[in-house]
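Below is query.pdb, holding PDB, C-alpha atoms.
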MODEL        1
ATOM      1  CA  ASP A   1     174.185  63.393  82.872  1.00  0.00           C
ATOM      2  CA  THR A   2     171.669  62.603  85.575  1.00  0.00           C
ATOM      3  CA  GLY A   3     168.383  62.926  83.718  1.00  0.00           C
ATOM      4  CA  VAL A   4     165.980  65.401  82.174  1.00  0.00           C
ATOM      5  CA  SER A   5     166.293  68.848  83.711  1.00  0.00           C
ATOM      6  CA  GLN A   6     163.531  71.457  83.694  1.00  0.00           C
ATOM      7  CA  ASN A   7     163.749  75.077  84.756  1.00  0.00           C
ATOM      8  CA  PRO A   8     162.280  76.800  86.559  1.00  0.00           C
ATOM      9  CA  ARG A   9     160.583  74.365  88.950  1.00  0.00           C
ATOM     10  CA  HIS A  10     157.898  76.890  89.805  1.00  0.00           C
ATOM     11  CA  LYS A  11     156.679  80.018  88.051  1.00  0.00           C
ATOM     12  CA  ILE A  12     154.041  82.446  89.222  1.00  0.00           C
ATOM     13  CA  THR A  13     153.000  85.044  86.685  1.00  0.00           C
ATOM     14  CA  LYS A  14     150.296  87.606  86.204  1.00  0.00           C
ATOM     15  CA  ARG A  15     147.656  87.046  83.575  1.00  0.00           C
ATOM     16  CA  GLY A  16     148.744  88.501  80.273  1.00  0.00           C
ATOM     17  CA  GLN A  17     152.460  88.067  80.834  1.00  0.00           C
ATOM     18  CA  ASN A  18     154.703  85.851  78.720  1.00  0.00           C
ATOM     19  CA  VAL A  19     156.588  82.931  80.241  1.00  0.00           C
ATOM     20  CA  THR A  20     159.286  80.620  78.932  1.00  0.00           C
ATOM     21  CA  PHE A  21     160.286  77.227  80.248  1.00  0.00           C
ATOM     22  CA  ARG A  22     163.420  75.296  79.461  1.00  0.00           C
ATOM     23  CA  CYS A  23     164.038  71.572  79.160  1.00  0.00           C
ATOM     24  CA  ASP A  24     167.457  69.916  78.928  1.00  0.00           C
ATOM     25  CA  PRO A  25     167.006  66.295  77.841  1.00  0.00           C
ATOM     26  CA  ILE A  26     169.411  63.445  78.393  1.00  0.00           C
ATOM     27  CA  SER A  27     172.237  64.285  76.034  1.00  0.00           C
ATOM     28  CA  GLU A  28     172.040  61.261  73.730  1.00  0.00           C
ATOM     29  CA  HIS A  29     168.226  61.350  73.459  1.00  0.00           C
ATOM     30  CA  ASN A  30     167.103  62.603  70.071  1.00  0.00           C
ATOM     31  CA  ARG A  31     163.398  62.708  70.866  1.00  0.00           C
ATOM     32  CA  LEU A  32     161.820  65.313  73.107  1.00  0.00           C
ATOM     33  CA  TYR A  33     158.205  65.710  74.216  1.00  0.00           C
ATOM     34  CA  TRP A  34     156.214  68.335  76.076  1.00  0.00           C
ATOM     35  CA  TYR A  35     153.170  67.389  78.139  1.00  0.00           C
ATOM     36  CA  ARG A  36     150.784  69.375  80.293  1.00  0.00           C
ATOM     37  CA  GLN A  37     149.274  67.996  83.471  1.00  0.00           C
ATOM     38  CA  THR A  38     146.385  69.633  85.284  1.00  0.00           C
ATOM     39  CA  LEU A  39     145.022  68.642  88.680  1.00  0.00           C
ATOM     40  CA  GLY A  40     143.270  65.305  88.635  1.00  0.00           C
ATOM     41  CA  GLN A  41     144.323  64.494  85.103  1.00  0.00           C
ATOM     42  CA  GLY A  42     147.018  62.485  83.453  1.00  0.00           C
ATOM     43  CA  PRO A  43     149.618  64.224  81.323  1.00  0.00           C
ATOM     44  CA  GLU A  44     148.330  65.454  77.965  1.00  0.00           C
ATOM     45  CA  PHE A  45     150.555  65.531  74.905  1.00  0.00           C
ATOM     46  CA  LEU A  46     151.499  68.963  73.593  1.00  0.00           C
ATOM     47  CA  THR A  47     154.286  68.541  71.086  1.00  0.00           C
ATOM     48  CA  TYR A  48     157.123  66.311  69.891  1.00  0.00           C
ATOM     49  CA  PHE A  49     160.583  66.949  68.475  1.00  0.00           C
ATOM     50  CA  GLN A  50     162.921  64.592  66.721  1.00  0.00           C
ATOM     51  CA  ASN A  51     166.266  66.316  66.828  1.00  0.00           C
ATOM     52  CA  GLU A  52     165.472  69.931  65.929  1.00  0.00           C
ATOM     53  CA  ALA A  53     162.356  69.175  63.901  1.00  0.00           C
ATOM     54  CA  GLN A  54     158.956  69.688  65.506  1.00  0.00           C
ATOM     55  CA  LEU A  55     157.041  66.754  64.049  1.00  0.00           C
ATOM     56  CA  GLU A  56     153.729  66.880  65.848  1.00  0.00           C
ATOM     57  CA  LYS A  57     151.642  69.447  67.690  1.00  0.00           C
ATOM     58  CA  SER A  58     148.490  68.829  69.671  1.00  0.00           C
ATOM     59  CA  ARG A  59     145.375  70.895  69.144  1.00  0.00           C
ATOM     60  CA  LEU A  60     145.842  71.834  72.800  1.00  0.00           C
ATOM     61  CA  LEU A  61     148.737  73.986  71.653  1.00  0.00           C
ATOM     62  CA  SER A  62     147.010  77.227  70.771  1.00  0.00           C
ATOM     63  CA  ASP A  63     148.622  80.078  68.845  1.00  0.00           C
ATOM     64  CA  ARG A  64     149.847  81.499  72.159  1.00  0.00           C
ATOM     65  CA  PHE A  65     152.127  78.494  72.646  1.00  0.00           C
ATOM     66  CA  SER A  66     155.376  77.977  70.799  1.00  0.00           C
ATOM     67  CA  ALA A  67     158.110  75.425  71.283  1.00  0.00           C
ATOM     68  CA  GLU A  68     161.584  75.265  69.863  1.00  0.00           C
ATOM     69  CA  ARG A  69     164.526  72.932  69.977  1.00  0.00           C
ATOM     70  CA  PRO A  70     167.450  74.695  68.344  1.00  0.00           C
ATOM     71  CA  LYS A  71     170.263  72.394  67.286  1.00  0.00           C
ATOM     72  CA  GLY A  72     168.382  69.421  68.636  1.00  0.00           C
ATOM     73  CA  SER A  73     169.588  69.953  72.180  1.00  0.00           C
ATOM     74  CA  PHE A  74     167.586  71.835  74.827  1.00  0.00           C
ATOM     75  CA  SER A  75     164.028  72.923  74.190  1.00  0.00           C
ATOM     76  CA  THR A  76     161.983  75.929  75.225  1.00  0.00           C
ATOM     77  CA  LEU A  77     158.240  76.266  75.594  1.00  0.00           C
ATOM     78  CA  GLU A  78     156.877  79.804  75.518  1.00  0.00           C
ATOM     79  CA  ILE A  79     153.380  80.862  76.452  1.00  0.00           C
ATOM     80  CA  GLN A  80     152.364  84.344  75.387  1.00  0.00           C
ATOM     81  CA  ARG A  81     149.604  86.382  77.036  1.00  0.00           C
ATOM     82  CA  THR A  82     149.083  83.801  79.755  1.00  0.00           C
ATOM     83  CA  GLU A  83     145.573  82.972  80.934  1.00  0.00           C
ATOM     84  CA  GLN A  84     144.431  81.415  84.190  1.00  0.00           C
ATOM     85  CA  GLY A  85     143.578  78.246  82.299  1.00  0.00           C
ATOM     86  CA  ASP A  86     147.267  77.835  81.489  1.00  0.00           C
ATOM     87  CA  SER A  87     147.973  77.032  85.148  1.00  0.00           C
ATOM     88  CA  ALA A  88     149.329  73.494  85.132  1.00  0.00           C
ATOM     89  CA  MET A  89     152.422  71.364  85.482  1.00  0.00           C
ATOM     90  CA  TYR A  90     154.419  71.352  82.246  1.00  0.00           C
ATOM     91  CA  LEU A  91     156.404  68.169  81.827  1.00  0.00           C
ATOM     92  CA  CYS A  92     159.238  67.482  79.455  1.00  0.00           C
ATOM     93  CA  ALA A  93     160.324  63.981  78.495  1.00  0.00           C
ATOM     94  CA  SER A  94     163.013  62.585  76.263  1.00  0.00           C
ATOM     95  CA  SER A  95     163.642  59.256  74.618  1.00  0.00           C
ATOM     96  CA  LEU A  96     166.583  57.586  72.905  1.00  0.00           C
ATOM     97  CA  GLY A  97     164.358  56.128  70.234  1.00  0.00           C
ATOM     98  CA  GLN A  98     160.789  55.132  69.752  1.00  0.00           C
ATOM     99  CA  ALA A  99     158.721  55.288  72.923  1.00  0.00           C
ATOM    100  CA  VAL A 100     157.602  51.710  72.417  1.00  0.00           C
ATOM    101  CA  ASN A 101     161.143  50.480  72.860  1.00  0.00           C
ATOM    102  CA  TYR A 102     162.500  52.854  75.433  1.00  0.00           C
ATOM    103  CA  GLY A 103     159.647  54.567  77.206  1.00  0.00           C
ATOM    104  CA  TYR A 104     160.151  58.158  78.229  1.00  0.00           C
ATOM    105  CA  THR A 105     162.408  59.746  80.829  1.00  0.00           C
ATOM    106  CA  PHE A 106     160.533  62.622  82.434  1.00  0.00           C
ATOM    107  CA  GLY A 107     161.817  65.745  84.076  1.00  0.00           C
ATOM    108  CA  SER A 108     160.407  66.991  87.362  1.00  0.00           C
ATOM    109  CA  GLY A 109     158.251  69.544  85.597  1.00  0.00           C
ATOM    110  CA  THR A 110     157.610  73.267  85.793  1.00  0.00           C
ATOM    111  CA  ARG A 111     154.543  74.233  87.786  1.00  0.00           C
ATOM    112  CA  LEU A 112     152.949  77.368  86.337  1.00  0.00           C
ATOM    113  CA  THR A 113     150.482  79.447  88.331  1.00  0.00           C
ATOM    114  CA  VAL A 114     148.756  82.305  86.550  1.00  0.00           C
ATOM    115  CA  VAL A 115     147.193  84.832  88.920  1.00  0.00           C
TER
ATOM    116  CA  ALA B   1     142.389  56.489  68.720  1.00  0.00           C
ATOM    117  CA  GLN B   2     144.063  54.643  71.540  1.00  0.00           C
ATOM    118  CA  SER B   3     142.873  55.377  75.072  1.00  0.00           C
ATOM    119  CA  VAL B   4     143.313  53.906  78.503  1.00  0.00           C
ATOM    120  CA  THR B   5     140.855  53.820  81.363  1.00  0.00           C
ATOM    121  CA  GLN B   6     141.922  53.593  84.962  1.00  0.00           C
ATOM    122  CA  LEU B   7     139.222  52.387  87.320  1.00  0.00           C
ATOM    123  CA  GLY B   8     139.362  54.065  90.683  1.00  0.00           C
ATOM    124  CA  SER B   9     140.995  57.453  91.054  1.00  0.00           C
ATOM    125  CA  HIS B  10     141.862  56.636  94.679  1.00  0.00           C
ATOM    126  CA  VAL B  11     142.822  53.284  96.153  1.00  0.00           C
ATOM    127  CA  SER B  12     143.644  52.635  99.803  1.00  0.00           C
ATOM    128  CA  VAL B  13     145.378  49.515 101.069  1.00  0.00           C
ATOM    129  CA  SER B  14     146.884  48.495 104.353  1.00  0.00           C
ATOM    130  CA  GLU B  15     150.616  48.094 104.626  1.00  0.00           C
ATOM    131  CA  GLY B  16     151.471  44.528 103.672  1.00  0.00           C
ATOM    132  CA  ALA B  17     148.264  44.007 101.687  1.00  0.00           C
ATOM    133  CA  LEU B  18     147.950  43.272  97.990  1.00  0.00           C
ATOM    134  CA  VAL B  19     148.014  46.258  95.652  1.00  0.00           C
ATOM    135  CA  LEU B  20     145.796  46.051  92.563  1.00  0.00           C
ATOM    136  CA  LEU B  21     145.466  49.030  90.237  1.00  0.00           C
ATOM    137  CA  ARG B  22     143.244  48.558  87.219  1.00  0.00           C
ATOM    138  CA  CYS B  23     143.811  49.649  83.648  1.00  0.00           C
ATOM    139  CA  ASN B  24     141.853  48.817  80.521  1.00  0.00           C
ATOM    140  CA  TYR B  25     142.794  49.850  77.040  1.00  0.00           C
ATOM    141  CA  SER B  26     140.678  50.318  73.969  1.00  0.00           C
ATOM    142  CA  SER B  27     142.034  49.213  70.668  1.00  0.00           C
ATOM    143  CA  SER B  28     141.556  46.501  68.114  1.00  0.00           C
ATOM    144  CA  VAL B  29     145.316  46.261  67.745  1.00  0.00           C
ATOM    145  CA  PRO B  30     147.453  45.184  70.703  1.00  0.00           C
ATOM    146  CA  PRO B  31     149.051  48.348  71.945  1.00  0.00           C
ATOM    147  CA  TYR B  32     152.242  49.039  73.742  1.00  0.00           C
ATOM    148  CA  LEU B  33     151.450  49.653  77.390  1.00  0.00           C
ATOM    149  CA  PHE B  34     153.252  51.264  80.297  1.00  0.00           C
ATOM    150  CA  TRP B  35     152.812  51.969  83.965  1.00  0.00           C
ATOM    151  CA  TYR B  36     154.379  55.106  85.397  1.00  0.00           C
ATOM    152  CA  VAL B  37     154.591  56.300  88.993  1.00  0.00           C
ATOM    153  CA  GLN B  38     154.623  59.918  90.127  1.00  0.00           C
ATOM    154  CA  TYR B  39     155.685  60.972  93.597  1.00  0.00           C
ATOM    155  CA  PRO B  40     154.607  64.415  94.864  1.00  0.00           C
ATOM    156  CA  ASN B  41     156.259  67.294  93.037  1.00  0.00           C
ATOM    157  CA  GLN B  42     158.225  64.968  90.824  1.00  0.00           C
ATOM    158  CA  GLY B  43     158.124  63.817  87.238  1.00  0.00           C
ATOM    159  CA  LEU B  44     156.920  60.409  86.121  1.00  0.00           C
ATOM    160  CA  GLN B  45     159.092  57.339  86.504  1.00  0.00           C
ATOM    161  CA  LEU B  46     158.682  54.257  84.333  1.00  0.00           C
ATOM    162  CA  LEU B  47     157.635  51.212  86.382  1.00  0.00           C
ATOM    163  CA  LEU B  48     157.284  48.677  83.586  1.00  0.00           C
ATOM    164  CA  LYS B  49     156.295  48.251  79.960  1.00  0.00           C
ATOM    165  CA  TYR B  50     154.593  45.679  77.772  1.00  0.00           C
ATOM    166  CA  THR B  51     155.794  45.385  74.193  1.00  0.00           C
ATOM    167  CA  SER B  52     154.213  42.072  73.073  1.00  0.00           C
ATOM    168  CA  ALA B  53     156.878  39.765  74.477  1.00  0.00           C
ATOM    169  CA  ALA B  54     155.888  38.062  77.747  1.00  0.00           C
ATOM    170  CA  THR B  55     152.359  38.807  78.943  1.00  0.00           C
ATOM    171  CA  LEU B  56     153.515  39.012  82.567  1.00  0.00           C
ATOM    172  CA  VAL B  57     155.821  41.957  82.939  1.00  0.00           C
ATOM    173  CA  LYS B  58     157.969  42.573  85.984  1.00  0.00           C
ATOM    174  CA  GLY B  59     158.964  46.093  86.890  1.00  0.00           C
ATOM    175  CA  ILE B  60     160.814  47.975  89.544  1.00  0.00           C
ATOM    176  CA  ASN B  61     159.988  48.090  93.258  1.00  0.00           C
ATOM    177  CA  GLY B  62     158.299  44.665  93.170  1.00  0.00           C
ATOM    178  CA  PHE B  63     155.478  45.664  90.824  1.00  0.00           C
ATOM    179  CA  GLU B  64     154.264  43.554  87.956  1.00  0.00           C
ATOM    180  CA  ALA B  65     151.473  43.716  85.396  1.00  0.00           C
ATOM    181  CA  GLU B  66     149.734  41.145  83.265  1.00  0.00           C
ATOM    182  CA  PHE B  67     148.539  41.816  79.736  1.00  0.00           C
ATOM    183  CA  LYS B  68     145.208  40.098  79.068  1.00  0.00           C
ATOM    184  CA  LYS B  69     144.043  40.530  75.516  1.00  0.00           C
ATOM    185  CA  SER B  70     140.674  38.857  76.139  1.00  0.00           C
ATOM    186  CA  GLU B  71     139.909  41.429  78.823  1.00  0.00           C
ATOM    187  CA  THR B  72     141.806  44.339  77.195  1.00  0.00           C
ATOM    188  CA  SER B  73     143.411  44.849  80.578  1.00  0.00           C
ATOM    189  CA  PHE B  74     146.840  45.619  81.962  1.00  0.00           C
ATOM    190  CA  HIS B  75     146.373  45.676  85.726  1.00  0.00           C
ATOM    191  CA  LEU B  76     149.258  46.546  88.034  1.00  0.00           C
ATOM    192  CA  THR B  77     149.879  44.441  91.134  1.00  0.00           C
ATOM    193  CA  LYS B  78     152.250  44.148  94.057  1.00  0.00           C
ATOM    194  CA  PRO B  79     151.921  41.344  96.609  1.00  0.00           C
ATOM    195  CA  SER B  80     152.700  43.445  99.665  1.00  0.00           C
ATOM    196  CA  ALA B  81     152.264  47.203  99.911  1.00  0.00           C
ATOM    197  CA  HIS B  82     154.933  49.337 101.507  1.00  0.00           C
ATOM    198  CA  MET B  83     154.509  52.846 102.845  1.00  0.00           C
ATOM    199  CA  SER B  84     156.904  54.102 100.177  1.00  0.00           C
ATOM    200  CA  ASP B  85     154.482  52.922  97.468  1.00  0.00           C
ATOM    201  CA  ALA B  86     152.128  55.797  98.243  1.00  0.00           C
ATOM    202  CA  ALA B  87     152.084  57.793  95.012  1.00  0.00           C
ATOM    203  CA  GLU B  88     150.033  58.341  91.884  1.00  0.00           C
ATOM    204  CA  TYR B  89     150.149  55.672  89.216  1.00  0.00           C
ATOM    205  CA  PHE B  90     149.447  56.208  85.538  1.00  0.00           C
ATOM    206  CA  CYS B  91     148.647  53.638  82.914  1.00  0.00           C
ATOM    207  CA  ALA B  92     149.699  54.703  79.423  1.00  0.00           C
ATOM    208  CA  ALA B  93     149.571  53.410  75.880  1.00  0.00           C
ATOM    209  CA  VAL B  94     151.416  54.019  72.644  1.00  0.00           C
ATOM    210  CA  SER B  95     149.935  53.161  69.301  1.00  0.00           C
ATOM    211  CA  GLY B  96     149.648  54.410  65.791  1.00  0.00           C
ATOM    212  CA  GLY B  97     152.785  56.280  64.836  1.00  0.00           C
ATOM    213  CA  TYR B  98     154.533  55.227  68.058  1.00  0.00           C
ATOM    214  CA  GLN B  99     155.486  58.778  68.834  1.00  0.00           C
ATOM    215  CA  LYS B 100     152.817  59.706  71.331  1.00  0.00           C
ATOM    216  CA  VAL B 101     152.008  58.229  74.706  1.00  0.00           C
ATOM    217  CA  THR B 102     148.447  58.622  75.967  1.00  0.00           C
ATOM    218  CA  PHE B 103     147.987  58.563  79.722  1.00  0.00           C
ATOM    219  CA  GLY B 104     145.068  57.584  81.905  1.00  0.00           C
ATOM    220  CA  ILE B 105     143.815  59.979  84.557  1.00  0.00           C
ATOM    221  CA  GLY B 106     145.841  58.288  87.267  1.00  0.00           C
ATOM    222  CA  THR B 107     145.157  56.376  90.468  1.00  0.00           C
ATOM    223  CA  LYS B 108     146.345  57.726  93.791  1.00  0.00           C
ATOM    224  CA  LEU B 109     147.497  54.933  96.053  1.00  0.00           C
ATOM    225  CA  GLN B 110     147.273  55.474  99.792  1.00  0.00           C
ATOM    226  CA  VAL B 111     149.013  52.990 102.080  1.00  0.00           C
ATOM    227  CA  ILE B 112     147.613  52.828 105.592  1.00  0.00           C
ATOM    228  CA  PRO B 113     149.977  51.811 108.405  1.00  0.00           C
TER
ENDMDL
END

Once you've parsed the file, please lay out its structure as structure tokens.
Amino acid sequence: DTGVSQNPRHKITKRGQNVTFRCDPISEHNRLYWYRQTLGQGPEFLTYFQNEAQLEKSRLLSDRFSAERPKGSFSTLEIQRTEQGDSAMYLCASSLGQAVNYGYTFGSGTRLTVV
Amino acid sequence: AQSVTQLGSHVSVSEGALVLLRCNYSSSVPPYLFWYVQYPNQGLQLLLKYTSAATLVKGINGFEAEFKKSETSFHLTKPSAHMSDAAEYFCAAVSGGYQKVTFGIGTKLQVIP
């Protein structure tokens, strides 16, 4: 296991279409996080899973966004009816335990462009 | 709410010169602090972390940071810049429920030959 894997690396979609991203964390990591990064900004927290339970969601996550982590393994982030403002880098991170002890391991991200 | 402020969105240094990237945090409770580096088109990589042990923290690639409570600062330094250090650096903090990391806006480091 070489790290956190995200697919696809790039996605271009038309406004109004639905998109889904996948994140495969490091296998023994029970905690998984989604962040969004726009140009000139640091990553912003979207949501957090501990095993299969989604424990926290940011207000940034509108009703068009949904995330799942079935069986506590990989996670998916779906955006419905995409808007141009959704264009960003979507980063996934995982952690063995609390972030204060272990930090995060980030994937390379999925860059979404909505045209 | 915990937040971090990075002073200077762009910093340029000559190769071999001292690197100093500034980060201040806001909190009445000592937070847990990190520095991450991001190379183009890549995810973030942990450079170092402060978790209330030693105030001077050594990280990878020759970087270190010093936690100064009196100044609420956690500045990142490296004695001698290398071309490969050119990247974007993010200061981050964890507090409260320890589940969420809050990032600064980042500082892009340019190393001039």

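Going from atom CA of Ser84 of chain B over to atom CA of Lys11 of chain A, you cover 28.6 Å.
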
* Which residues match the PyMOL selection byres ((chain B and resi 37) around 12) in the file above, as a ChimeraX atom specification? -> /A:42,105-106 /B:21,34-36,38-48,59-61,63,76,84-92,103-104,106-109

* Give as a PyMOL selection string every residue of chain A that touches chain B within 8 Å, counting only C-alpha atoms. => chain A and resi 40-45+48+91+98-101+103-109

* To do: Taking the file above as input, evaluate the PyMOL selection byres ((chain A and resi 56-61) around 9) and report the hits as a list in words.
  =>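 Output from the PyMOL selection byres ((chain A and resi 56-61) around 9), applied to this file: Glu44, Phe45, Leu46, Thr47, Tyr48, Phe49, Gln54, Leu55, Ser62, Asp63, Arg64, Phe65 and Ser66 of chain A; Gln99 of chain B.
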
Save the residues we just selected, C-alpha atoms, as a compact mmCIF listing (two decimals), in the frame of the given file?
# COMPACT_ATOMS: atom_id res chain seq x y z
CA GLU A 44 148.33 65.45 77.96
CA PHE A 45 150.56 65.53 74.90
CA LEU A 46 151.50 68.96 73.59
CA THR A 47 154.29 68.54 71.09
CA TYR A 48 157.12 66.31 69.89
CA PHE A 49 160.58 66.95 68.47
CA GLN A 54 158.96 69.69 65.51
CA LEU A 55 157.04 66.75 64.05
CA SER A 62 147.01 77.23 70.77
CA ASP A 63 148.62 80.08 68.84
CA ARG A 64 149.85 81.50 72.16
CA PHE A 65 152.13 78.49 72.65
CA SER A 66 155.38 77.98 70.80
CA GLN B 99 155.49 58.78 68.83

* Structure fact -> re atom CA of Ser26 of chain B and atom CA of Phe74 of chain B: distance 11.1 Å

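One finds atom CA of Ala81 of chain B at 4.7 Å from atom CA of Gly16 of chain B.
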
Which polymer residues, protein or nucleic acid, are no farther than 10 Å from (160.3, 77.3, 82.1), counting all atoms listed in the file, as an mmCIF file with C-alpha atoms, in the frame of the given file?
data_model
loop_
_atom_site.group_PDB
_atom_site.id
_atom_site.type_symbol
_atom_site.label_atom_id
_atom_site.label_comp_id
_atom_site.auth_asym_id
_atom_site.auth_seq_id
_atom_site.Cartn_x
_atom_site.Cartn_y
_atom_site.Cartn_z
ATOM 1 C CA GLN A 6 163.531 71.457 83.694
ATOM 2 C CA ASN A 7 163.749 75.077 84.756
ATOM 3 C CA PRO A 8 162.280 76.800 86.559
ATOM 4 C CA ARG A 9 160.583 74.365 88.950
ATOM 5 C CA HIS A 10 157.898 76.890 89.805
ATOM 6 C CA LYS A 11 156.679 80.018 88.051
ATOM 7 C CA VAL A 19 156.588 82.931 80.241
ATOM 8 C CA THR A 20 159.286 80.620 78.932
ATOM 9 C CA PHE A 21 160.286 77.227 80.248
ATOM 10 C CA ARG A 22 163.420 75.296 79.461
ATOM 11 C CA CYS A 23 164.038 71.572 79.160
ATOM 12 C CA SER A 75 164.028 72.923 74.190
ATOM 13 C CA THR A 76 161.983 75.929 75.225
ATOM 14 C CA LEU A 77 158.240 76.266 75.594
ATOM 15 C CA GLU A 78 156.877 79.804 75.518
ATOM 16 C CA ILE A 79 153.380 80.862 76.452
ATOM 17 C CA TYR A 90 154.419 71.352 82.246
ATOM 18 C CA LEU A 91 156.404 68.169 81.827
ATOM 19 C CA GLY A 109 158.251 69.544 85.597
ATOM 20 C CA THR A 110 157.610 73.267 85.793
ATOM 21 C CA ARG A 111 154.543 74.233 87.786
ATOM 22 C CA LEU A 112 152.949 77.368 86.337
#

Hey, what comes out of the PyMOL selection byres ((chain B and resi 22) around 6) on this file? Could you write it as a PDB file with C-alpha atoms, in the coordinates of the input?
ATOM      1  CA  GLN B   6     141.922  53.593  84.962  1.00  0.00           C
ATOM      2  CA  LEU B   7     139.222  52.387  87.320  1.00  0.00           C
ATOM      3  CA  LEU B  21     145.466  49.030  90.237  1.00  0.00           C
ATOM      4  CA  CYS B  23     143.811  49.649  83.648  1.00  0.00           C
ATOM      5  CA  HIS B  75     146.373  45.676  85.726  1.00  0.00           C
TER       6      HIS B  75
END

* All residues 7 Å or closer to Val13 of chain B, all atoms listed in the file, same chain fewer than 3 positions away omitted, as a PyMOL selection string -> chain B and resi 17+19+110-112

* **Using only C-alpha atoms: which of A:Gln84, A:Asn51, A:Ser94, A:Thr2 has the shortest distance to Tyr35 of chain A** =>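 That would be A:Ser94, the residue with the smallest distance to Tyr35 of chain A.
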
* Find, counting all atoms listed in the file, the residue in A:Glu68, A:Glu83, A:Glu28, A:Glu52 that gets nearest to Val115 of chain A. =>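 The shortest atom-to-atom distance to Val115 of chain A comes from A:Glu83.
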
* All residues 7 Å or closer to Thr113 of chain A, only C-alpha atoms, same chain fewer than 6 positions away omitted, as a PyMOL selection string -> chain A and resi 11-13+87-88

Write the residues of the preceding selection, restricted to C-alpha atoms, as a short mmCIF file (atom, residue, chain, number, x, y, z; two decimals), in the frame of the given file.
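out06.cif, freshly written:
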data_model
loop_
_atom_site.label_atom_id
_atom_site.label_comp_id
_atom_site.auth_asym_id
_atom_site.auth_seq_id
_atom_site.Cartn_x
_atom_site.Cartn_y
_atom_site.Cartn_z
CA LYS A 11 156.68 80.02 88.05
CA ILE A 12 154.04 82.45 89.22
CA THR A 13 153.00 85.04 86.68
CA SER A 87 147.97 77.03 85.15
CA ALA A 88 149.33 73.49 85.13
#

Using all atoms listed in the file, collect all residues at a distance of at most 6 Å from (153.9, 43.2, 88.6) as written in the file, then present them as an mmCIF file with C-alpha atoms, in the coordinates of the input.
data_model
loop_
_atom_site.group_PDB
_atom_site.id
_atom_site.type_symbol
_atom_site.label_atom_id
_atom_site.label_comp_id
_atom_site.auth_asym_id
_atom_site.auth_seq_id
_atom_site.Cartn_x
_atom_site.Cartn_y
_atom_site.Cartn_z
ATOM 1 C CA LYS B 58 157.969 42.573 85.984
ATOM 2 C CA PHE B 63 155.478 45.664 90.824
ATOM 3 C CA GLU B 64 154.264 43.554 87.956
ATOM 4 C CA ALA B 65 151.473 43.716 85.396
ATOM 5 C CA LEU B 76 149.258 46.546 88.034
ATOM 6 C CA THR B 77 149.879 44.441 91.134
ATOM 7 C CA LYS B 78 152.250 44.148 94.057
#

Requested file, segment 79-103 of chain A restricted to C-alpha atoms, as a tab-separated table (two decimals), in the first residue's frame:
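Written output follows (out.tsv):
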chain	number	residue	atom	x	y	z
A	79	ILE	CA	-21.63	16.34	-6.69
A	80	GLN	CA	-25.02	16.61	-8.33
A	81	ARG	CA	-26.01	19.34	-10.79
A	82	THR	CA	-22.51	20.77	-10.88
A	83	GLU	CA	-22.00	24.53	-10.95
A	84	GLN	CA	-19.00	26.53	-12.11
A	85	GLY	CA	-18.28	27.41	-8.49
A	86	ASP	CA	-17.63	23.73	-7.82
A	87	SER	CA	-14.43	23.92	-9.88
A	88	ALA	CA	-11.64	23.11	-7.45
A	89	MET	CA	-9.16	20.49	-6.36
A	90	TYR	CA	-10.84	17.88	-4.16
A	91	LEU	CA	-8.42	16.32	-1.72
A	92	CYS	CA	-8.84	13.18	0.30
A	93	ALA	CA	-6.78	12.42	3.39
A	94	SER	CA	-6.65	9.55	5.82
A	95	SER	CA	-5.28	9.06	9.30
A	96	LEU	CA	-4.55	6.09	11.54
A	97	GLY	CA	-5.88	7.89	14.57
A	98	GLN	CA	-6.39	11.39	15.79
A	99	ALA	CA	-4.87	14.03	13.54
A	100	VAL	CA	-3.00	15.51	16.47
A	101	ASN	CA	-0.97	12.35	16.84
A	102	TYR	CA	-0.55	11.24	13.28
A	103	GLY	CA	-1.26	14.13	10.96
